[in-house]
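coords_35.cif (mmCIF, C-alpha atoms) appears below.
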```
data_structure
loop_
_atom_site.group_PDB
_atom_site.id
_atom_site.type_symbol
_atom_site.label_atom_id
_atom_site.label_comp_id
_atom_site.auth_asym_id
_atom_site.auth_seq_id
_atom_site.Cartn_x
_atom_site.Cartn_y
_atom_site.Cartn_z
ATOM 1 C CA MET A 1187 -18.074 -12.964 14.627
ATOM 2 C CA ARG A 1188 -19.150 -10.944 11.583
ATOM 3 C CA LEU A 1189 -18.655 -7.204 11.995
ATOM 4 C CA ASN A 1190 -21.566 -4.975 10.999
ATOM 5 C CA GLU A 1191 -21.400 -1.575 9.322
ATOM 6 C CA GLU A 1192 -21.503 0.358 12.599
ATOM 7 C CA GLN A 1193 -18.669 -1.701 14.043
ATOM 8 C CA LEU A 1194 -16.541 -1.281 10.923
ATOM 9 C CA LEU A 1195 -17.027 2.473 11.018
ATOM 10 C CA ASP A 1196 -16.049 2.465 14.689
ATOM 11 C CA LEU A 1197 -12.882 0.525 13.927
ATOM 12 C CA SER A 1198 -12.105 2.832 11.014
ATOM 13 C CA GLY A 1199 -12.097 5.680 13.507
ATOM 14 C CA TYR A 1200 -9.550 3.846 15.647
ATOM 15 C CA ALA A 1201 -7.333 3.317 12.618
ATOM 16 C CA ALA A 1202 -7.598 6.945 11.486
ATOM 17 C CA SER A 1203 -6.662 8.231 14.939
ATOM 18 C CA ALA A 1204 -3.705 5.833 15.142
ATOM 19 C CA ALA A 1205 -2.471 6.778 11.665
ATOM 20 C CA ARG A 1206 -2.640 10.503 12.385
ATOM 21 C CA LYS A 1207 -0.771 10.156 15.677
ATOM 22 C CA ALA A 1208 1.925 7.988 14.140
ATOM 23 C CA GLY A 1209 2.160 10.436 11.242
ATOM 24 C CA ALA A 1210 2.676 13.345 13.634
ATOM 25 C CA LEU A 1211 5.593 11.515 15.236
ATOM 26 C CA ILE A 1212 7.087 10.728 11.821
ATOM 27 C CA SER A 1213 6.803 14.390 10.811
ATOM 28 C CA ASP A 1214 8.604 15.435 13.977
ATOM 29 C CA TYR A 1215 11.461 13.010 13.353
ATOM 30 C CA ALA A 1216 11.713 14.070 9.711
ATOM 31 C CA LYS A 1217 13.402 17.229 11.022
ATOM 32 C CA ARG A 1218 16.111 15.258 12.859
ATOM 33 C CA GLU A 1219 18.926 12.895 12.047
ATOM 34 C CA VAL A 1220 17.935 9.286 12.671
ATOM 35 C CA GLU A 1221 19.964 6.103 12.857
ATOM 36 C CA VAL A 1222 19.433 3.781 9.899
ATOM 37 C CA MET A 1223 19.520 0.046 10.619
ATOM 38 C CA HIS A 1224 18.936 -3.089 8.582
ATOM 39 C CA LYS A 1225 16.698 -6.113 9.054
ATOM 40 C CA SER A 1226 16.066 -9.371 7.262
ATOM 41 C CA GLY A 1227 13.327 -9.181 4.661
ATOM 42 C CA GLY A 1228 13.012 -9.052 0.905
ATOM 43 C CA ASP A 1229 15.845 -8.718 -1.570
ATOM 44 C CA SER A 1230 15.626 -4.929 -1.996
ATOM 45 C CA LEU A 1231 17.196 -2.200 0.108
ATOM 46 C CA ALA A 1232 13.764 -0.663 0.660
ATOM 47 C CA SER A 1233 12.532 -3.849 2.363
ATOM 48 C CA GLN A 1234 15.587 -4.099 4.617
ATOM 49 C CA VAL A 1235 15.971 -0.544 5.915
ATOM 50 C CA VAL A 1236 14.463 0.267 9.313
ATOM 51 C CA THR A 1237 14.825 3.146 11.773
ATOM 52 C CA GLU A 1238 13.835 3.835 15.352
ATOM 53 C CA VAL A 1239 10.980 5.893 13.888
ATOM 54 C CA ASP A 1240 9.382 2.779 12.389
ATOM 55 C CA GLU A 1241 9.369 1.157 15.820
ATOM 56 C CA LEU A 1242 8.170 4.266 17.667
ATOM 57 C CA ALA A 1243 5.352 4.742 15.145
ATOM 58 C CA GLN A 1244 4.408 1.110 15.591
ATOM 59 C CA SER A 1245 4.239 1.533 19.379
ATOM 60 C CA ILE A 1246 1.885 4.489 19.006
ATOM 61 C CA ILE A 1247 -0.377 2.561 16.636
ATOM 62 C CA LEU A 1248 -0.503 -0.532 18.822
ATOM 63 C CA GLU A 1249 -1.375 1.556 21.853
ATOM 64 C CA GLU A 1250 -4.169 3.310 19.947
ATOM 65 C CA LEU A 1251 -5.563 0.010 18.706
ATOM 66 C CA ARG A 1252 -5.162 -1.899 21.963
ATOM 67 C CA SER A 1253 -8.751 -1.528 23.192
ATOM 68 C CA SER A 1254 -10.185 -2.415 19.760
ATOM 69 C CA VAL A 1255 -8.135 -5.617 19.740
ATOM 70 C CA GLN A 1256 -9.617 -6.574 23.089
ATOM 71 C CA ASP A 1257 -13.180 -5.432 22.407
ATOM 72 C CA TYR A 1258 -13.455 -7.084 18.984
ATOM 73 C CA ASP A 1259 -11.104 -10.047 19.526
ATOM 74 C CA LEU A 1260 -8.796 -9.070 16.666
ATOM 75 C CA ALA A 1261 -5.425 -10.464 15.625
ATOM 76 C CA LEU A 1262 -2.426 -8.289 14.807
ATOM 77 C CA LEU A 1263 0.074 -8.375 11.962
ATOM 78 C CA THR A 1264 2.575 -5.547 11.837
ATOM 79 C CA GLU A 1265 5.774 -5.130 9.850
ATOM 80 C CA GLU A 1266 8.173 -4.684 12.742
ATOM 81 C CA LEU A 1267 6.998 -7.699 14.779
ATOM 82 C CA GLN A 1268 7.142 -11.401 13.988
ATOM 83 C CA ASP A 1269 4.007 -12.956 12.519
ATOM 84 C CA ASP A 1270 2.508 -15.012 15.373
ATOM 85 C CA GLY A 1271 -0.006 -16.809 13.143
ATOM 86 C CA SER A 1272 -3.028 -15.348 14.935
ATOM 87 C CA ARG A 1273 -4.233 -13.862 11.610
ATOM 88 C CA LEU A 1274 -5.112 -17.423 10.571
ATOM 89 C CA LYS A 1275 -7.184 -18.102 13.695
ATOM 90 C CA LYS A 1276 -9.158 -14.911 14.348
ATOM 91 C CA ASP A 1277 -11.996 -13.632 12.169
ATOM 92 C CA TYR A 1278 -10.186 -10.349 11.462
ATOM 93 C CA PHE A 1279 -6.720 -8.881 11.910
ATOM 94 C CA TRP A 1280 -5.181 -5.448 11.927
ATOM 95 C CA CYS A 1281 -2.525 -5.293 9.189
ATOM 96 C CA ILE A 1282 -0.100 -2.468 9.912
ATOM 97 C CA ASP A 1283 2.784 -0.751 8.178
ATOM 98 C CA PRO A 1284 3.886 1.887 10.701
ATOM 99 C CA MET A 1285 5.986 3.662 8.062
ATOM 100 C CA ASP A 1286 5.894 2.532 4.467
ATOM 101 C CA GLY A 1287 8.624 4.213 2.444
ATOM 102 C CA THR A 1288 11.338 4.162 5.094
ATOM 103 C CA LEU A 1289 13.983 4.575 2.387
ATOM 104 C CA PRO A 1290 12.671 7.934 1.081
ATOM 105 C CA PHE A 1291 12.201 9.029 4.702
ATOM 106 C CA THR A 1292 15.904 8.414 5.410
ATOM 107 C CA ARG A 1293 16.763 10.367 2.261
ATOM 108 C CA GLY A 1294 14.623 13.336 3.277
ATOM 109 C CA THR A 1295 12.250 13.000 0.327
ATOM 110 C CA PRO A 1296 8.435 12.567 0.247
ATOM 111 C CA GLY A 1297 6.877 9.178 -0.389
ATOM 112 C CA TYR A 1298 6.477 7.735 3.105
ATOM 113 C CA SER A 1299 3.191 7.082 4.873
ATOM 114 C CA VAL A 1300 1.322 5.163 7.573
ATOM 115 C CA ALA A 1301 -0.912 2.304 6.419
ATOM 116 C CA ILE A 1302 -3.442 0.431 8.555
ATOM 117 C CA ALA A 1303 -5.929 -2.144 7.286
ATOM 118 C CA LEU A 1304 -8.439 -4.491 8.826
ATOM 119 C CA VAL A 1305 -8.453 -7.770 6.907
ATOM 120 C CA ALA A 1306 -10.932 -10.637 7.231
ATOM 121 C CA ARG A 1307 -9.590 -14.161 7.659
ATOM 122 C CA ASP A 1308 -10.551 -14.931 4.045
ATOM 123 C CA GLY A 1309 -8.230 -12.115 2.918
ATOM 124 C CA CYS A 1310 -10.896 -9.508 2.128
ATOM 125 C CA PRO A 1311 -9.746 -5.980 3.106
ATOM 126 C CA MET A 1312 -12.525 -4.482 5.245
ATOM 127 C CA ILE A 1313 -10.915 -1.184 6.262
ATOM 128 C CA GLY A 1314 -8.115 0.789 4.636
ATOM 129 C CA VAL A 1315 -6.516 3.874 6.167
ATOM 130 C CA VAL A 1316 -3.473 5.704 4.786
ATOM 131 C CA TYR A 1317 -1.955 8.876 6.197
ATOM 132 C CA ASP A 1318 0.564 10.971 4.274
ATOM 133 C CA PRO A 1319 2.562 12.991 6.857
ATOM 134 C CA VAL A 1320 4.051 15.320 4.233
ATOM 135 C CA GLU A 1321 0.767 16.349 2.602
ATOM 136 C CA LYS A 1322 -1.140 15.766 5.876
ATOM 137 C CA ARG A 1323 -3.708 13.851 3.849
ATOM 138 C CA LEU A 1324 -5.861 11.024 5.224
ATOM 139 C CA TYR A 1325 -7.331 8.357 2.940
ATOM 140 C CA GLN A 1326 -10.067 6.096 4.365
ATOM 141 C CA ALA A 1327 -12.274 3.315 3.058
ATOM 142 C CA VAL A 1328 -14.651 0.825 4.658
ATOM 143 C CA HIS A 1329 -16.003 -2.242 2.858
ATOM 144 C CA GLY A 1330 -19.277 -1.313 1.171
ATOM 145 C CA GLN A 1331 -18.823 2.423 1.817
ATOM 146 C CA SER A 1332 -17.417 5.425 -0.027
ATOM 147 C CA VAL A 1333 -13.769 6.423 -0.137
ATOM 148 C CA LEU A 1334 -12.971 9.475 1.986
ATOM 149 C CA ILE A 1335 -10.057 11.847 1.617
ATOM 150 C CA ASP A 1336 -9.681 14.140 4.615
ATOM 151 C CA GLY A 1337 -13.226 13.259 5.611
ATOM 152 C CA GLU A 1338 -14.804 14.203 2.274
ATOM 153 C CA VAL A 1339 -16.367 11.661 -0.088
ATOM 154 C CA TRP A 1340 -14.065 11.079 -3.053
ATOM 155 C CA GLN A 1341 -14.843 9.404 -6.365
ATOM 156 C CA LEU A 1342 -12.655 8.128 -9.153
ATOM 157 C CA THR A 1343 -12.757 10.404 -12.190
ATOM 158 C CA SER A 1344 -14.429 9.192 -15.371
ATOM 159 C CA PRO A 1345 -12.134 7.511 -17.929
ATOM 160 C CA GLN A 1346 -10.639 9.701 -20.643
ATOM 161 C CA PRO A 1347 -10.364 8.840 -24.345
ATOM 162 C CA ARG A 1348 -7.025 7.058 -24.623
ATOM 163 C CA SER A 1349 -5.953 8.997 -27.698
ATOM 164 C CA GLY A 1350 -5.615 12.164 -25.638
ATOM 165 C CA ALA A 1351 -4.427 10.706 -22.334
ATOM 166 C CA VAL A 1352 -1.006 10.026 -20.827
ATOM 167 C CA LEU A 1353 -0.773 6.692 -19.004
ATOM 168 C CA ARG A 1354 1.284 7.192 -15.860
ATOM 169 C CA PHE A 1355 3.425 4.397 -14.442
ATOM 170 C CA TYR A 1356 4.289 4.883 -10.766
ATOM 171 C CA CYS A 1357 7.461 3.115 -9.632
ATOM 172 C CA ASP A 1358 9.055 2.642 -6.222
ATOM 173 C CA CYS A 1359 12.029 4.810 -5.307
ATOM 174 C CA THR A 1360 14.430 1.872 -5.786
ATOM 175 C CA PHE A 1361 13.622 1.927 -9.507
ATOM 176 C CA GLU A 1362 16.073 4.840 -9.749
ATOM 177 C CA GLU A 1363 18.977 2.431 -9.179
ATOM 178 C CA ASN A 1364 17.545 -0.468 -11.193
ATOM 179 C CA PRO A 1365 20.147 -1.470 -13.822
ATOM 180 C CA GLU A 1366 17.293 -2.151 -16.243
ATOM 181 C CA ARG A 1367 15.577 1.172 -15.627
ATOM 182 C CA GLU A 1368 16.077 2.584 -19.106
ATOM 183 C CA SER A 1369 14.908 -0.516 -20.943
ATOM 184 C CA LEU A 1370 11.938 -1.053 -18.608
ATOM 185 C CA SER A 1371 10.934 2.600 -18.905
ATOM 186 C CA ARG A 1372 11.034 2.317 -22.675
ATOM 187 C CA GLN A 1373 8.863 -0.808 -22.492
ATOM 188 C CA MET A 1374 6.311 1.006 -20.334
ATOM 189 C CA ARG A 1375 6.116 3.877 -22.796
ATOM 190 C CA ASP A 1376 5.826 1.398 -25.675
ATOM 191 C CA PHE A 1377 3.014 -0.392 -23.868
ATOM 192 C CA ALA A 1378 1.095 2.871 -23.436
ATOM 193 C CA LYS A 1379 1.390 3.641 -27.141
ATOM 194 C CA ALA A 1380 0.381 0.077 -28.075
ATOM 195 C CA GLU A 1381 -2.767 0.455 -25.970
ATOM 196 C CA GLY A 1382 -3.755 3.658 -27.742
ATOM 197 C CA TYR A 1383 -2.627 6.248 -25.198
ATOM 198 C CA ALA A 1384 -1.024 9.454 -26.406
ATOM 199 C CA ALA A 1385 2.074 8.687 -24.361
ATOM 200 C CA GLY A 1386 3.407 6.887 -21.285
ATOM 201 C CA GLU A 1387 5.067 8.665 -18.384
ATOM 202 C CA VAL A 1388 7.283 6.914 -15.840
ATOM 203 C CA ILE A 1389 7.172 8.499 -12.383
ATOM 204 C CA ILE A 1390 9.637 7.365 -9.719
ATOM 205 C CA GLY A 1391 7.953 7.922 -6.379
ATOM 206 C CA GLY A 1392 8.348 6.698 -2.831
ATOM 207 C CA GLY A 1393 6.907 3.583 -1.242
ATOM 208 C CA ALA A 1394 4.228 1.184 -2.447
ATOM 209 C CA VAL A 1395 1.421 2.706 -0.385
ATOM 210 C CA LEU A 1396 1.581 6.267 -1.686
ATOM 211 C CA ASN A 1397 2.357 5.093 -5.199
ATOM 212 C CA ALA A 1398 -0.976 3.263 -5.175
ATOM 213 C CA CYS A 1399 -2.731 6.332 -3.751
ATOM 214 C CA HIS A 1400 -1.242 8.488 -6.507
ATOM 215 C CA VAL A 1401 -2.560 6.040 -9.109
ATOM 216 C CA LEU A 1402 -6.081 6.699 -7.792
ATOM 217 C CA LEU A 1403 -5.594 10.462 -7.868
ATOM 218 C CA HIS A 1404 -4.045 10.677 -11.338
ATOM 219 C CA ARG A 1405 -6.107 8.569 -13.717
ATOM 220 C CA PRO A 1406 -5.162 6.893 -16.063
ATOM 221 C CA ALA A 1407 -2.352 5.300 -14.091
ATOM 222 C CA VAL A 1408 -0.866 2.011 -12.966
ATOM 223 C CA TYR A 1409 1.495 0.676 -10.302
ATOM 224 C CA PHE A 1410 2.762 -2.861 -10.689
ATOM 225 C CA LYS A 1411 5.376 -5.350 -9.575
ATOM 226 C CA ARG A 1412 6.206 -8.283 -11.820
ATOM 227 C CA PRO A 1413 6.657 -11.775 -10.378
ATOM 228 C CA LYS A 1414 10.254 -12.683 -9.560
ATOM 229 C CA ALA A 1415 12.182 -15.572 -8.064
ATOM 230 C CA LYS A 1416 13.727 -13.779 -5.098
ATOM 231 C CA THR A 1417 11.765 -13.169 -1.911
ATOM 232 C CA GLY A 1418 10.239 -9.700 -1.867
ATOM 233 C CA GLY A 1419 7.689 -7.901 -3.988
ATOM 234 C CA GLY A 1420 6.015 -6.319 -0.977
ATOM 235 C CA SER A 1421 3.995 -7.931 1.795
ATOM 236 C CA PHE A 1422 0.441 -7.861 3.180
ATOM 237 C CA TRP A 1423 1.017 -4.590 5.010
ATOM 238 C CA ASP A 1424 2.237 -2.897 1.807
ATOM 239 C CA PHE A 1425 -0.995 -3.550 -0.080
ATOM 240 C CA ALA A 1426 -3.904 -4.289 2.290
ATOM 241 C CA ALA A 1427 -4.946 -0.696 3.042
ATOM 242 C CA THR A 1428 -4.704 0.466 -0.562
ATOM 243 C CA ALA A 1429 -6.477 -2.686 -1.780
ATOM 244 C CA CYS A 1430 -9.464 -1.600 0.298
ATOM 245 C CA LEU A 1431 -9.269 1.928 -1.149
ATOM 246 C CA PHE A 1432 -9.175 0.547 -4.700
ATOM 247 C CA ASN A 1433 -12.016 -1.889 -4.123
ATOM 248 C CA GLU A 1434 -14.317 0.790 -2.763
ATOM 249 C CA ALA A 1435 -13.288 3.305 -5.443
ATOM 250 C CA GLY A 1436 -14.158 0.831 -8.203
ATOM 251 C CA ALA A 1437 -10.541 0.640 -9.375
ATOM 252 C CA GLN A 1438 -8.616 -2.557 -10.115
ATOM 253 C CA VAL A 1439 -6.267 -4.397 -7.736
ATOM 254 C CA SER A 1440 -4.982 -7.916 -8.339
ATOM 255 C CA ASP A 1441 -1.883 -10.014 -8.747
ATOM 256 C CA PHE A 1442 -0.003 -9.637 -12.039
ATOM 257 C CA SER A 1443 -2.208 -12.254 -13.706
ATOM 258 C CA GLY A 1444 -5.430 -10.465 -12.796
ATOM 259 C CA ARG A 1445 -6.378 -12.829 -9.974
ATOM 260 C CA THR A 1446 -7.582 -11.698 -6.551
ATOM 261 C CA LEU A 1447 -4.723 -10.479 -4.389
ATOM 262 C CA GLU A 1448 -4.369 -12.992 -1.534
ATOM 263 C CA LEU A 1449 -3.956 -10.894 1.626
ATOM 264 C CA ASN A 1450 -3.914 -13.734 4.156
ATOM 265 C CA ASP A 1451 -1.966 -16.538 2.534
ATOM 266 C CA PRO A 1452 -1.030 -19.111 5.209
ATOM 267 C CA LYS A 1453 2.155 -20.110 3.353
ATOM 268 C CA ARG A 1454 3.781 -16.763 2.628
ATOM 269 C CA SER A 1455 3.473 -13.036 3.216
ATOM 270 C CA PHE A 1456 5.507 -11.764 0.248
ATOM 271 C CA PHE A 1457 4.154 -11.354 -3.297
ATOM 272 C CA ASN A 1458 7.206 -12.081 -5.433
ATOM 273 C CA HIS A 1459 5.617 -15.335 -6.668
ATOM 274 C CA CYS A 1460 2.602 -13.593 -8.223
ATOM 275 C CA GLY A 1461 3.360 -9.864 -8.462
ATOM 276 C CA VAL A 1462 0.786 -7.112 -7.939
ATOM 277 C CA CYS A 1463 -1.050 -4.573 -10.067
ATOM 278 C CA PHE A 1464 -3.006 -1.470 -9.043
ATOM 279 C CA THR A 1465 -4.652 0.450 -11.855
ATOM 280 C CA THR A 1466 -7.549 2.763 -12.556
ATOM 281 C CA GLU A 1467 -8.185 1.141 -15.945
ATOM 282 C CA SER A 1468 -10.356 -1.945 -16.353
ATOM 283 C CA GLY A 1469 -8.780 -4.758 -18.379
ATOM 284 C CA LEU A 1470 -5.265 -3.308 -18.273
ATOM 285 C CA THR A 1471 -3.735 -5.882 -15.911
ATOM 286 C CA ALA A 1472 -4.079 -8.872 -18.252
ATOM 287 C CA LYS A 1473 -2.514 -6.886 -21.076
ATOM 288 C CA LEU A 1474 0.366 -5.763 -18.849
ATOM 289 C CA GLY A 1475 0.983 -9.350 -17.797
ATOM 290 C CA ALA A 1476 1.117 -10.514 -21.421
ATOM 291 C CA PHE A 1477 3.300 -7.592 -22.526
ATOM 292 C CA PHE A 1478 5.903 -8.009 -19.755
ATOM 293 C CA SER A 1479 5.942 -11.813 -19.615
#
```
File written out as structure tokens:
Amino acid sequence: MRLNEEQLLDLSGYAASAARKAGALISDYAKREVEVMHKSGGDSLASQVVTEVDELAQSIILEELRSSVQDYDLALLTEELQDDGSRLKKDYFWCIDPMDGTLPFTRGTPGYSVAIALVARDGCPMIGVVYDPVEKRLYQAVHGQSVLIDGEVWQLTSPQPRSGAVLRFYCDCTFEENPERESLSRQMRDFAKAEGYAAGEVIIGGGAVLNACHVLLHRPAVYFKRPKAKTGGGSFWDFAATACLFNEAGAQVSDFSGRTLELNDPKRSFFNHCGVCFTTESGLTAKLGAFFS
């Protein structure tokens, strides 16, 4: 079944309602002490930390989306439940991160969010919804439609002359403890200068979802993860919603080689093998890949 524009807008409304409700719960728990647990996942602490809030937020989202799953015959993929393979059989699936940025949440710092996407079986992101509980900001995009922020149409700013612009590099919160942080930061600043920017600025933020959103808001900017051997590098739910936002904004999202980001790979759900790159600047990904290879 191919969803039409009216149906996609209807489903976007479901996702927005679910994200807001989950965000309200997260905001409430941000004022309390919560138990921090660990799960199997990628090789980083950020991918292994989980709290009861993640699971409660997930329950709220699944309840909000329940009728849409039935009415539109959708599959589900969510971070805190095992992948049942239905995403490979149905025409579309909800791809859910009930709380991206659990690590900054446990540290009492901003950078966490709710991310919900609707992805077609071929991996095309059809709907992207992100809610920032700290800023109380809702990002929405539907395939073929405008990007909305808090219900208002939003457009990417025009590119600036590089000679007067600072290229911002947004990094996950775990970059703070990276033993190579100083050398990598220097390389990022060197890359910006080599590409003709006035300077490069390294910004250590929260989770992958809001880092990508901040790239959109603060052009020229980039968020990337290089390929690596160990399992990790984020998963479908870390990038599906923001991939839709970037596509509809006319920004660039790809793997680290500039190829289409595969959001429904039957063999794997992590991106360590190919890396990811979100940027506002056309042509930058290939140059980043060559510079950091």
Next on the checklist: Report, in Å to a single decimal, how far apart atom CA of Gly1297 of chain A and atom CA of Val1320 of chain A are.
Outcome noted: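 Between atom CA of Val1320 of chain A and atom CA of Gly1297 of chain A the gap is 8.2 Å.
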Next on the checklist: Set the distance at 8 Å and use all atoms listed in the file: which residues neighbour Leu1304 of chain A once local chain neighbours fewer than 4 positions away are removed? I'd like the list as JSON, numbers by chain.
Outcome noted: {"A": [1278, 1279, 1280, 1281, 1311, 1312, 1313, 1314, 1426, 1427]}
Item to check | Neighbour list for His1459 of chain A as a count of residues only, cut-off 9 Å, all atoms listed in the file, skip fewer than 4 positions in-chain | outcome: 8
Next on the checklist: Just checking: using only C-alpha atoms, which residue out of A:Phe1291, A:Tyr1258, A:Trp1340, A:Tyr1200 ends up closest to Glu1434 of chain A?
Outcome noted: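 Nearest to Glu1434 of chain A: A:Trp1340.
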Item to check | Counting only C-alpha atoms, the option among A:Phe1478, A:Arg1323, A:Gly1391, A:Thr1465 closest to Leu1370 of chain A | outcome: A:Phe1478
Checklist entry - Could you write out as a PyMOL selection string the residues that the PyMOL selection byres ((chain A and resi 1350) around 10) matches in the shown file? => result chain A and resi 1346-1349+1351-1353+1382-1385
Checklist entry - If we count all atoms listed in the file, what is near Met1187 of chain A at a cut-off of 12 Å, once residues fewer than 5 positions away on the same chain are taken out, given as a PyMOL selection string? => result chain A and resi 1193+1257-1260+1276-1278+1306-1307
Checklist entry - Expanded to explicit residues, what is the PyMOL selection byres ((chain A and resi 1208) around 9) for this file, as a count of residues only? => result 21
Item to check | Atom-to-atom span, atom CA of Asp1424 of chain A and atom CA of Leu1251 of chain A, Å | outcome: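 Interatomic distance, atom CA of Asp1424 of chain A to atom CA of Leu1251 of chain A: 18.8 Å.
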Checklist entry - If you measure from atom CA of Glu1387 of chain A to atom CA of Glu1363 of chain A, what distance in Å do you get, rounded to one decimal? => result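 Pair atom CA of Glu1387 of chain A / atom CA of Glu1363 of chain A returns 17.8 Å.
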Item to check | Selection result for the PyMOL selection byres ((chain A and resi 1372-1376) around 8) on this file, as a list of chain:residue names | outcome: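 Expected selection for the PyMOL selection byres ((chain A and resi 1372-1376) around 8) here is A:Phe1355, A:Glu1368, A:Ser1369, A:Leu1370, A:Ser1371, A:Phe1377, A:Ala1378, A:Lys1379, A:Ala1380, A:Ala1385, A:Gly1386, A:Glu1387, A:Val1388.
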Item to check | A:Cys1357, A:Val1462, A:Ala1407, A:Leu1262 ranked by distance to Pro1345 of chain A, top pick (using all atoms listed in the file) | outcome: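 Closest residue, counting all atoms listed in the file: A:Ala1407.
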Checklist entry - Hey, which of A:Glu1250, A:Ile1390, A:Glu1241, A:Tyr1325 ends up closest to Leu1267 of chain A? Count all atoms listed in the file. => result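 Closest residue, counting all atoms listed in the file: A:Glu1241.
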Next on the checklist: My list of candidates is A:Ala1261, A:Cys1430, A:Leu1274, A:Ala1435. Which is closest to Leu1402 of chain A when distances are computed with all atoms listed in the file?
Outcome noted: A:Ala1435
Checklist outcome for this item: Nearest to Gly1436 of chain A, restricted to only C-alpha atoms and choosing among A:His1329, A:Arg1273, A:Arg1293, A:Arg1252, comes out as A:His1329
Next on the checklist: Taking 4 positions as the minimum chain separation for residues in the same chain, which residues sit within 9 Å of Gly1420 of chain A when counting all atoms listed in the file? Answer as a VMD selection string.
Outcome noted: chain A and resid 1228 1233 1394 1411 1424 to 1425 1455 to 1458 1461 to 1462
Next on the checklist: Please return as a list in words every residue within 8 Å of (-3.7, -13.3, 2.4), taking into account only C-alpha atoms and the file's own coordinates.
Outcome noted: Arg1307, Asp1308, Gly1309, Phe1422, Leu1447, Glu1448, Leu1449, Asn1450, Asp1451, Pro1452 and Ser1455 of chain A
Mind dumping the selected residues with C-alpha atoms as a PDB file, in the frame of the given file?
```
ATOM      1  CA  ARG A1307      -9.590 -14.161   7.659  1.00  0.00           C
ATOM      2  CA  ASP A1308     -10.551 -14.931   4.045  1.00  0.00           C
ATOM      3  CA  GLY A1309      -8.230 -12.115   2.918  1.00  0.00           C
ATOM      4  CA  PHE A1422       0.441  -7.861   3.180  1.00  0.00           C
ATOM      5  CA  LEU A1447      -4.723 -10.479  -4.389  1.00  0.00           C
ATOM      6  CA  GLU A1448      -4.369 -12.992  -1.534  1.00  0.00           C
ATOM      7  CA  LEU A1449      -3.956 -10.894   1.626  1.00  0.00           C
ATOM      8  CA  ASN A1450      -3.914 -13.734   4.156  1.00  0.00           C
ATOM      9  CA  ASP A1451      -1.966 -16.538   2.534  1.00  0.00           C
ATOM     10  CA  PRO A1452      -1.030 -19.111   5.209  1.00  0.00           C
ATOM     11  CA  SER A1455       3.473 -13.036   3.216  1.00  0.00           C
TER      12      SER A1455
END
```
In file coordinates, which residues lie within 7 Å of (-7.2, -7.7, -20.6) using all atoms listed in the file, given as a PDB file with C-alpha atoms, in the coordinates of the input?
```pdb
ATOM      1  CA  GLY A1469      -8.780  -4.758 -18.379  1.00  0.00           C
ATOM      2  CA  LEU A1470      -5.265  -3.308 -18.273  1.00  0.00           C
ATOM      3  CA  THR A1471      -3.735  -5.882 -15.911  1.00  0.00           C
ATOM      4  CA  ALA A1472      -4.079  -8.872 -18.252  1.00  0.00           C
ATOM      5  CA  LYS A1473      -2.514  -6.886 -21.076  1.00  0.00           C
TER       6      LYS A1473
END
```
